[in-house]
Amino acid sequence: MNKPVLRLVDIWKSYEDLEVLKGISFEVAEKQVKVVFGPSGSGKSTLLRCINMLDPPDKGEIYISGQSLMEPSVKLNKMRVKIGIVFQHFNLFAHLKAIDNVSIGLRKVKGFSKEEAHSKALDALMRVKLVEWADHYPAQLSGGQQQRVGIARALAMEPDLILFDEPTSALDPELIGEVLQVMLDIAKAGTTMLVVTHEMGFARAVASEMIFLDEGVIVERGTPNHFFESPKSERVKHFLRQIDVLYGRHEELLEPSDREVNK
Amino acid sequence: MIFQTSSNPIEDFLTILNSWDQIFSGFVMTMWLYAWALLIGFVIGLMLAILRQYGGRIISPIATGYIEIVRGTPMLVQLWLIYSLLLNPLGRGIWYTSFVFFGRDITLVFLNARIIICILTLSLNSSAYQAEYIRGAILSVSTGQLTAAQSLGMSKIAGIRHIVLPQALRRVIPSWSNEAAYLPKYTVIVSIIGVADIFNQAKNIGFQTLLYLPVYTFVAIIFLITITLISKALDVIHKRTARPGL
């Protein structure tokens with residue numbers, strides 16, 4: 001196994017009286033893709049906010065490529081360069097064209113010249129198949145295109161790891177495919193990814209491990225096969241059944257007469 | 001002659017126009033005060049808005065307090081306060097220019113103690129209002145923008161500078177236009193401490209000719225034209241700097 005890019009040790013986080021994360025530990029190795037899933041309110045998004053220290057955990061250790069983020073002396077701005085994030089609501093910079101959304105971090109954070117940043121940003125847009133949209137503003141792009149720009153923005157910084165916070169859940173159904181395709185492409189190209197998603201097809205295709213989170217604890221973890229063939233806990237089974245219903249694959253819910261009609 | 005007031009508006013108007021040099025130098029003074037007050041008020045207002053929004057538990061209440069005190073007290077009181085504090089320390093220096101323009105001797109005073117006091121009062125006052133307009137615009141930029149900037153490795157300050165402010169300052173133009181349009185009119189209070197702005201000059205012309213109403217009407221028309229032009233200019237700037245969806 002490759003060296004761990006991300007290592008979480010016993011992460012705890014609470015907001016006032018509410019314990020959101022209760023002792024989360026796992027690792028993501030180089031070029032690995034891991035998927036975190038679970039019901040709403042289980043702490044998935046909080047976990048991602050903890051990992052890049054925008055909302056530091058109360059207790060526990062976070063290591064990025066061996067460097068602890070919890071040490072007081074660590075320069076968080078520098079460390080965040082190593083952690084890309086793709087947001088649920090894209091969070092593209094509204095006043096910047098697609099190309100500038102991708103290049104601004106290269107210029108202002110990594111110190112590249114305008115020309116270098118521009119050509120690197122074009123490369124990143126190429127990887128998400130949006131070169132011809134480079135000069136459009138976010139408001140002129142579809143949700144799927146915006147999210148692909150978001151992915152390009154994260155890729156361009158060449159981070160050690162990219163976090164995806166439910167990247168497709170704010171998209172219209174017909175736009176999800178193009179984003180998942182880009183995510184599959186970069187996963188296969190060796191990007192280290194930690195993905196919070198309910199897209200089980202994506203998980204099955206590229207995840208080396210899936211982690212089921214509920215009420216702030218890891219309830220069950222295993223390969224996609226494990227989850228799809230023989231999940232252990234009732235909560236996981238229940239949750240997966242709900243997901244199936246959502247995607248219209250669960251036959252139990254359809255009345256036999258409906259099925260006849262649909263044939 | 002002085003007891004005989006004309007009832008012919010056109011004659012009145014021509015009499016006033018005869019003092020065009022006074023109106024002209026007064027107008028220049030008014031615009032001079034206005035430009036500085038708007039500019040300095042903007043710089044201070046921008047800082048106040050940022051401090052109030054991001055200043056944390058100690059600095060933010062100070063900025064808020066300043067804004068509320070300035071907005072809650074009459075500008076006239078602020079003017080007299082600064083006047084009494086600064087008139088003597090500022091001394092008697094003067095910076096001016098004289099020239100002949102269409103056959104009239106014109107003297108334009110750029111700076112002296114009273115003008116500095118006026119610029120200071122107007123800018124400190126305007127800064128509080130501008131701060132609130134700018135803060136409103138900062139609030140309208142979603143927090144996800146700063147989060148995204150920080151996730152790229154920008155410091156909070158860099159994120160505010162490169163991401164939040166470019167959006168907030170574009171959005172603020174329509175509401176900020178209010179302040180830009182009100183401020184020329186507020187400058188007239190400087191006539192109270194004897195600065196020769198357009199209002200003071202109008203008062204002098206009125207005193208000389210007894211044509212108070214016509215000269216004030218004339219000055220009102222000058223303000224109307226000026227403010228209309230300022231509003232139009234800001235509209236153009238707003239359109240030029242607009243971005244789709246912003």
# chains A, B, ... in the order shown; residues from 1 in each chain; ligands from 1
$ closest_atom_pairs --of "region 124-225 of chain A" --to "region 152-161 of chain B" --cutoff "10 Å" --atoms "only C-alpha atoms" --output "CSV"
residue,atom,partner,partner_atom,distance
A:Arg153,CA,B:Leu152,CA,8.5
A:Ala154,CA,B:Leu152,CA,7.5
A:Met157,CA,B:Leu152,CA,7.6
A:Pro159,CA,B:Leu152,CA,9.4
$ interface_residues --of "chain B" --to "chain A" --cutoff "12 Å" --atoms "only C-alpha atoms" --output "PyMOL selection string"
chain B and resi 141-171+241-246
$ closest_residue --among "B:Ile67, B:Val215, B:Phe42, B:Pro174" --to "Lys239 (chain B)" --atoms "only C-alpha atoms"
B:Pro174
$ residues_around --residues "Met70 (chain A)" --least-positions-apart "4" --cutoff "10 Å" --atoms "only C-alpha atoms" --output "VMD selection string"
chain A and resid 53 56 to 63 74 76
$ closest_residue --among "B:Ala37, B:Ala131, B:Leu17, B:Leu108" --to "Glu68 (chain B)" --atoms "only C-alpha atoms"
B:Ala131
$ select_by_dssp --residues "region 13-254 of chain A" --states "strand (DSSP E)" --output "PyMOL selection string"
chain A and resi 13-15+18-29+33-37+59-64+67-68+83-86+161-165+193-196+209-214+217-222
$ closest_residue --among "B:Ile16, B:Leu229, B:Ala196, B:Ile44" --to "Thr107 (chain B)" --atoms "only C-alpha atoms"
B:Ala196
$ closest_residue --among "B:Ser98, B:Ser84, B:Thr64, B:Ser177" --to "Glu132 (chain B)" --atoms "only C-alpha atoms"
B:Thr64
$ residues_around --residues "Ala220 (chain B)" --least-positions-apart "6" --cutoff "10 Å" --atoms "only C-alpha atoms" --output "mmCIF file with C-alpha atoms, in the first residue's frame"
data_model
loop_
_atom_site.group_PDB
_atom_site.id
_atom_site.type_symbol
_atom_site.label_atom_id
_atom_site.label_comp_id
_atom_site.auth_asym_id
_atom_site.auth_seq_id
_atom_site.Cartn_x
_atom_site.Cartn_y
_atom_site.Cartn_z
ATOM 1 C CA LYS B 185 -25.669 69.046 -1.020
ATOM 2 C CA PHE B 199 -23.657 78.527 -1.088
ATOM 3 C CA PRO B 214 -33.150 84.066 -7.768
ATOM 4 C CA THR B 226 -24.218 68.401 -11.219
#
$ residues_around --residues "region 19-21 of chain B" --least-positions-apart "6" --cutoff "8 Å" --atoms "only C-alpha atoms" --output "list in words"
Arg104, Ile106 and Ile205 of chain B
$ residues_around --residues "Gln181 (chain A)" --least-positions-apart "3" --cutoff "12 Å" --atoms "only C-alpha atoms" --output "PyMOL selection string"
chain A and resi 127-129+144+147-148+151+168+175-178+184-188+199+201-202+205-206
$ write_last_selection --atoms "N, CA and C atoms" --output "short mmCIF file (atom, residue, chain, number, x, y, z; two decimals), in the first residue's frame"
data_model
loop_
_atom_site.label_atom_id
_atom_site.label_comp_id
_atom_site.auth_asym_id
_atom_site.auth_seq_id
_atom_site.Cartn_x
_atom_site.Cartn_y
_atom_site.Cartn_z
N ARG A 127 -8.87 19.00 -18.85
CA ARG A 127 -9.17 17.73 -18.19
C ARG A 127 -10.64 17.61 -17.83
N VAL A 128 -11.33 18.75 -17.67
CA VAL A 128 -12.76 18.65 -17.39
C VAL A 128 -13.58 18.99 -18.64
N LYS A 129 -12.88 19.06 -19.78
CA LYS A 129 -13.52 19.25 -21.10
C LYS A 129 -14.31 20.55 -21.19
N GLY A 144 -23.75 21.69 -14.11
CA GLY A 144 -22.75 20.66 -14.36
C GLY A 144 -21.43 21.26 -14.81
N GLN A 147 -19.72 22.90 -11.86
CA GLN A 147 -19.05 21.96 -10.97
C GLN A 147 -17.76 21.45 -11.60
N ARG A 148 -17.76 21.31 -12.91
CA ARG A 148 -16.52 20.87 -13.56
C ARG A 148 -15.44 21.94 -13.46
N ILE A 151 -14.02 21.51 -10.15
CA ILE A 151 -13.05 20.41 -10.10
C ILE A 151 -11.72 20.86 -10.72
N THR A 168 -22.51 16.23 -6.53
CA THR A 168 -23.58 16.16 -7.53
C THR A 168 -24.97 16.39 -6.93
N LEU A 175 -27.60 16.47 -15.38
CA LEU A 175 -26.26 17.05 -15.40
C LEU A 175 -25.27 16.28 -14.54
N ILE A 176 -25.79 15.29 -13.79
CA ILE A 176 -24.93 14.55 -12.87
C ILE A 176 -23.89 13.74 -13.63
N GLY A 177 -24.33 13.14 -14.75
CA GLY A 177 -23.47 12.24 -15.50
C GLY A 177 -22.15 12.86 -15.91
N GLU A 178 -22.20 14.11 -16.43
CA GLU A 178 -20.97 14.73 -16.93
C GLU A 178 -19.97 14.97 -15.80
N LEU A 184 -14.62 10.25 -12.49
CA LEU A 184 -14.07 8.92 -12.82
C LEU A 184 -12.73 9.07 -13.55
N ASP A 185 -12.70 10.01 -14.50
CA ASP A 185 -11.47 10.21 -15.28
C ASP A 185 -10.30 10.57 -14.37
N ILE A 186 -10.53 11.55 -13.47
CA ILE A 186 -9.39 11.97 -12.66
C ILE A 186 -9.04 10.91 -11.61
N ALA A 187 -10.05 10.15 -11.18
CA ALA A 187 -9.75 9.06 -10.24
C ALA A 187 -8.84 8.03 -10.92
N LYS A 188 -9.19 7.70 -12.16
CA LYS A 188 -8.40 6.70 -12.88
C LYS A 188 -7.01 7.22 -13.22
N GLU A 199 -23.65 8.63 -4.75
CA GLU A 199 -23.63 8.04 -6.08
C GLU A 199 -22.97 6.66 -5.99
N GLY A 201 -23.01 4.17 -7.97
CA GLY A 201 -22.36 3.70 -9.19
C GLY A 201 -20.91 4.17 -9.24
N PHE A 202 -20.71 5.43 -8.86
CA PHE A 202 -19.35 5.97 -8.82
C PHE A 202 -18.52 5.21 -7.81
N ALA A 205 -17.47 1.89 -8.98
CA ALA A 205 -16.49 1.91 -10.06
C ALA A 205 -15.07 2.20 -9.58
N VAL A 206 -14.91 3.11 -8.62
CA VAL A 206 -13.53 3.51 -8.30
C VAL A 206 -13.15 3.46 -6.82
#
$ atom_distance --atom1 "CA of Lys232 (chain B)" --atom2 "CA of Ala202 (chain B)"
26.3 Å
$ closest_residue --among "A:Glu174, A:Phe112, A:Gly190, A:Asp100" --to "Glu30 (chain A)" --atoms "only C-alpha atoms"
A:Gly190
$ residues_around --residues "Leu240 (chain A)" --least-positions-apart "2" --cutoff "12 Å" --atoms "only C-alpha atoms" --output "ChimeraX atom specification"
/A:37-39,198-200,212,224,227-238,242-247,249-250
$ write_last_selection --atoms "C-alpha atoms" --output "mmCIF file, in the first residue's frame"
data_model
loop_
_atom_site.group_PDB
_atom_site.id
_atom_site.type_symbol
_atom_site.label_atom_id
_atom_site.label_comp_id
_atom_site.auth_asym_id
_atom_site.auth_seq_id
_atom_site.Cartn_x
_atom_site.Cartn_y
_atom_site.Cartn_z
ATOM 1 C CA PHE A 37 -21.694 8.111 2.834
ATOM 2 C CA GLY A 38 -24.486 8.147 5.329
ATOM 3 C CA PRO A 39 -27.728 9.870 6.214
ATOM 4 C CA HIS A 198 -24.533 8.927 -2.515
ATOM 5 C CA GLU A 199 -23.627 8.038 -6.081
ATOM 6 C CA MET A 200 -23.252 4.304 -5.562
ATOM 7 C CA PHE A 212 -20.642 4.514 6.319
ATOM 8 C CA PRO A 224 -18.019 -1.582 -2.494
ATOM 9 C CA PHE A 227 -21.663 -3.110 0.864
ATOM 10 C CA PHE A 228 -23.559 -4.207 -2.211
ATOM 11 C CA GLU A 229 -23.381 -7.937 -1.498
ATOM 12 C CA SER A 230 -23.459 -8.376 2.259
ATOM 13 C CA PRO A 231 -23.719 -5.273 4.427
ATOM 14 C CA LYS A 232 -23.780 -6.227 8.093
ATOM 15 C CA SER A 233 -25.610 -3.577 10.066
ATOM 16 C CA GLU A 234 -29.320 -2.945 9.748
ATOM 17 C CA ARG A 235 -28.759 0.790 9.442
ATOM 18 C CA VAL A 236 -26.614 0.343 6.374
ATOM 19 C CA LYS A 237 -29.118 -2.041 4.788
ATOM 20 C CA HIS A 238 -31.930 0.381 5.475
ATOM 21 C CA GLN A 242 -33.572 4.115 0.561
ATOM 22 C CA ILE A 243 -30.891 5.092 -1.934
ATOM 23 C CA ASP A 244 -32.144 2.373 -4.265
ATOM 24 C CA VAL A 245 -35.646 3.739 -4.033
ATOM 25 C CA LEU A 246 -34.352 7.206 -4.777
ATOM 26 C CA TYR A 247 -32.764 5.964 -7.972
ATOM 27 C CA ARG A 249 -34.121 0.573 -8.790
ATOM 28 C CA HIS A 250 -35.925 -0.963 -5.858
#
$ select_by_dssp --residues "region 94-125 of chain A" --states "alpha helix (DSSP H)" --output "number ranges by chain"
A: 98-108, 114-125
$ atom_distance --atom1 "CA of Val5 (chain A)" --atom2 "CA of Val33 (chain A)"
11.2 Å
$ atom_distance --atom1 "CA of Gly91 (chain B)" --atom2 "CA of Phe24 (chain B)"
27.2 Å
$ decode --residues "region 15-56 of chain A" --atoms "N, CA and C atoms" --output "short mmCIF file (atom, residue, chain, number, x, y, z; two decimals), in the first residue's frame"
data_model
loop_
_atom_site.label_atom_id
_atom_site.label_comp_id
_atom_site.auth_asym_id
_atom_site.auth_seq_id
_atom_site.Cartn_x
_atom_site.Cartn_y
_atom_site.Cartn_z
N TYR A 15 -20.64 21.05 18.31
CA TYR A 15 -21.11 22.42 18.27
C TYR A 15 -21.99 22.62 19.49
N GLU A 16 -21.48 23.39 20.44
CA GLU A 16 -22.16 23.55 21.73
C GLU A 16 -22.48 22.17 22.30
N ASP A 17 -23.76 21.83 22.46
CA ASP A 17 -24.09 20.55 23.10
C ASP A 17 -24.13 19.39 22.12
N LEU A 18 -24.07 19.73 20.83
CA LEU A 18 -24.29 18.68 19.84
C LEU A 18 -22.97 18.03 19.42
N GLU A 19 -22.82 16.76 19.75
CA GLU A 19 -21.64 16.02 19.31
C GLU A 19 -21.85 15.59 17.86
N VAL A 20 -21.04 16.13 16.97
CA VAL A 20 -21.24 15.81 15.55
C VAL A 20 -20.32 14.68 15.11
N LEU A 21 -19.08 14.70 15.56
CA LEU A 21 -18.14 13.63 15.22
C LEU A 21 -17.62 13.02 16.51
N LYS A 22 -17.68 11.69 16.57
CA LYS A 22 -17.32 11.03 17.82
C LYS A 22 -16.24 9.98 17.57
N GLY A 23 -15.05 10.45 17.34
CA GLY A 23 -13.94 9.51 17.22
C GLY A 23 -13.82 8.86 15.86
N ILE A 24 -13.54 9.68 14.85
CA ILE A 24 -13.40 9.16 13.48
C ILE A 24 -11.93 8.92 13.18
N SER A 25 -11.59 7.73 12.72
CA SER A 25 -10.22 7.43 12.30
C SER A 25 -10.25 6.66 10.99
N PHE A 26 -9.47 7.12 10.03
CA PHE A 26 -9.21 6.31 8.83
C PHE A 26 -8.08 6.97 8.05
N GLU A 27 -7.64 6.29 7.01
CA GLU A 27 -6.55 6.81 6.19
C GLU A 27 -6.96 6.79 4.73
N VAL A 28 -6.38 7.68 3.96
CA VAL A 28 -6.50 7.59 2.51
C VAL A 28 -5.08 7.58 1.96
N ALA A 29 -4.74 6.51 1.23
CA ALA A 29 -3.38 6.41 0.69
C ALA A 29 -3.31 7.09 -0.67
N GLU A 30 -2.08 7.32 -1.10
CA GLU A 30 -1.86 7.97 -2.38
C GLU A 30 -2.59 7.22 -3.50
N LYS A 31 -3.23 7.98 -4.37
CA LYS A 31 -3.96 7.46 -5.54
C LYS A 31 -5.20 6.64 -5.18
N GLN A 32 -5.53 6.65 -3.89
CA GLN A 32 -6.74 5.92 -3.49
C GLN A 32 -7.96 6.83 -3.62
N VAL A 33 -9.12 6.20 -3.81
CA VAL A 33 -10.38 6.94 -3.75
C VAL A 33 -11.21 6.29 -2.65
N LYS A 34 -11.62 7.08 -1.67
CA LYS A 34 -12.52 6.54 -0.66
C LYS A 34 -13.81 7.34 -0.65
N VAL A 35 -14.89 6.63 -0.40
CA VAL A 35 -16.20 7.25 -0.41
C VAL A 35 -16.77 7.22 1.00
N VAL A 36 -17.25 8.38 1.44
CA VAL A 36 -17.93 8.47 2.73
C VAL A 36 -19.40 8.69 2.43
N PHE A 37 -20.26 7.89 3.04
CA PHE A 37 -21.69 8.11 2.83
C PHE A 37 -22.44 7.88 4.12
N GLY A 38 -23.69 8.28 4.12
CA GLY A 38 -24.49 8.15 5.33
C GLY A 38 -25.61 9.16 5.31
N PRO A 39 -26.55 8.99 6.25
CA PRO A 39 -27.73 9.87 6.21
C PRO A 39 -27.38 11.33 6.50
N SER A 40 -28.33 12.18 6.17
CA SER A 40 -28.13 13.61 6.41
C SER A 40 -27.97 13.85 7.91
N GLY A 41 -27.04 14.71 8.27
CA GLY A 41 -26.80 14.99 9.67
C GLY A 41 -25.85 14.01 10.33
N SER A 42 -25.25 13.13 9.53
CA SER A 42 -24.38 12.12 10.12
C SER A 42 -22.99 12.69 10.41
N GLY A 43 -22.68 13.88 9.88
CA GLY A 43 -21.38 14.50 10.15
C GLY A 43 -20.42 14.49 8.98
N LYS A 44 -20.93 14.14 7.78
CA LYS A 44 -20.04 14.02 6.62
C LYS A 44 -19.40 15.35 6.25
N SER A 45 -20.25 16.39 6.13
CA SER A 45 -19.72 17.69 5.73
C SER A 45 -18.83 18.27 6.82
N THR A 46 -19.22 18.06 8.07
CA THR A 46 -18.39 18.53 9.19
C THR A 46 -17.01 17.89 9.13
N LEU A 47 -17.00 16.61 8.78
CA LEU A 47 -15.73 15.90 8.69
C LEU A 47 -14.82 16.58 7.67
N LEU A 48 -15.38 16.95 6.50
CA LEU A 48 -14.56 17.59 5.48
C LEU A 48 -14.07 18.97 5.95
N ARG A 49 -14.95 19.70 6.63
CA ARG A 49 -14.55 21.02 7.12
C ARG A 49 -13.45 20.89 8.18
N CYS A 50 -13.49 19.79 8.92
CA CYS A 50 -12.43 19.55 9.91
C CYS A 50 -11.11 19.26 9.20
N ILE A 51 -11.19 18.47 8.13
CA ILE A 51 -9.95 18.03 7.48
C ILE A 51 -9.17 19.22 6.94
N ASN A 52 -9.85 20.23 6.40
CA ASN A 52 -9.06 21.37 5.93
C ASN A 52 -8.99 22.48 6.97
N MET A 53 -9.43 22.17 8.19
CA MET A 53 -9.24 23.04 9.34
C MET A 53 -9.98 24.37 9.22
N LEU A 54 -10.97 24.45 8.33
CA LEU A 54 -11.82 25.64 8.34
C LEU A 54 -12.66 25.63 9.60
N ASP A 55 -12.85 24.43 10.13
CA ASP A 55 -13.58 24.22 11.37
C ASP A 55 -12.79 23.17 12.15
N PRO A 56 -11.76 23.57 12.85
CA PRO A 56 -10.84 22.59 13.43
C PRO A 56 -11.56 21.67 14.41
#
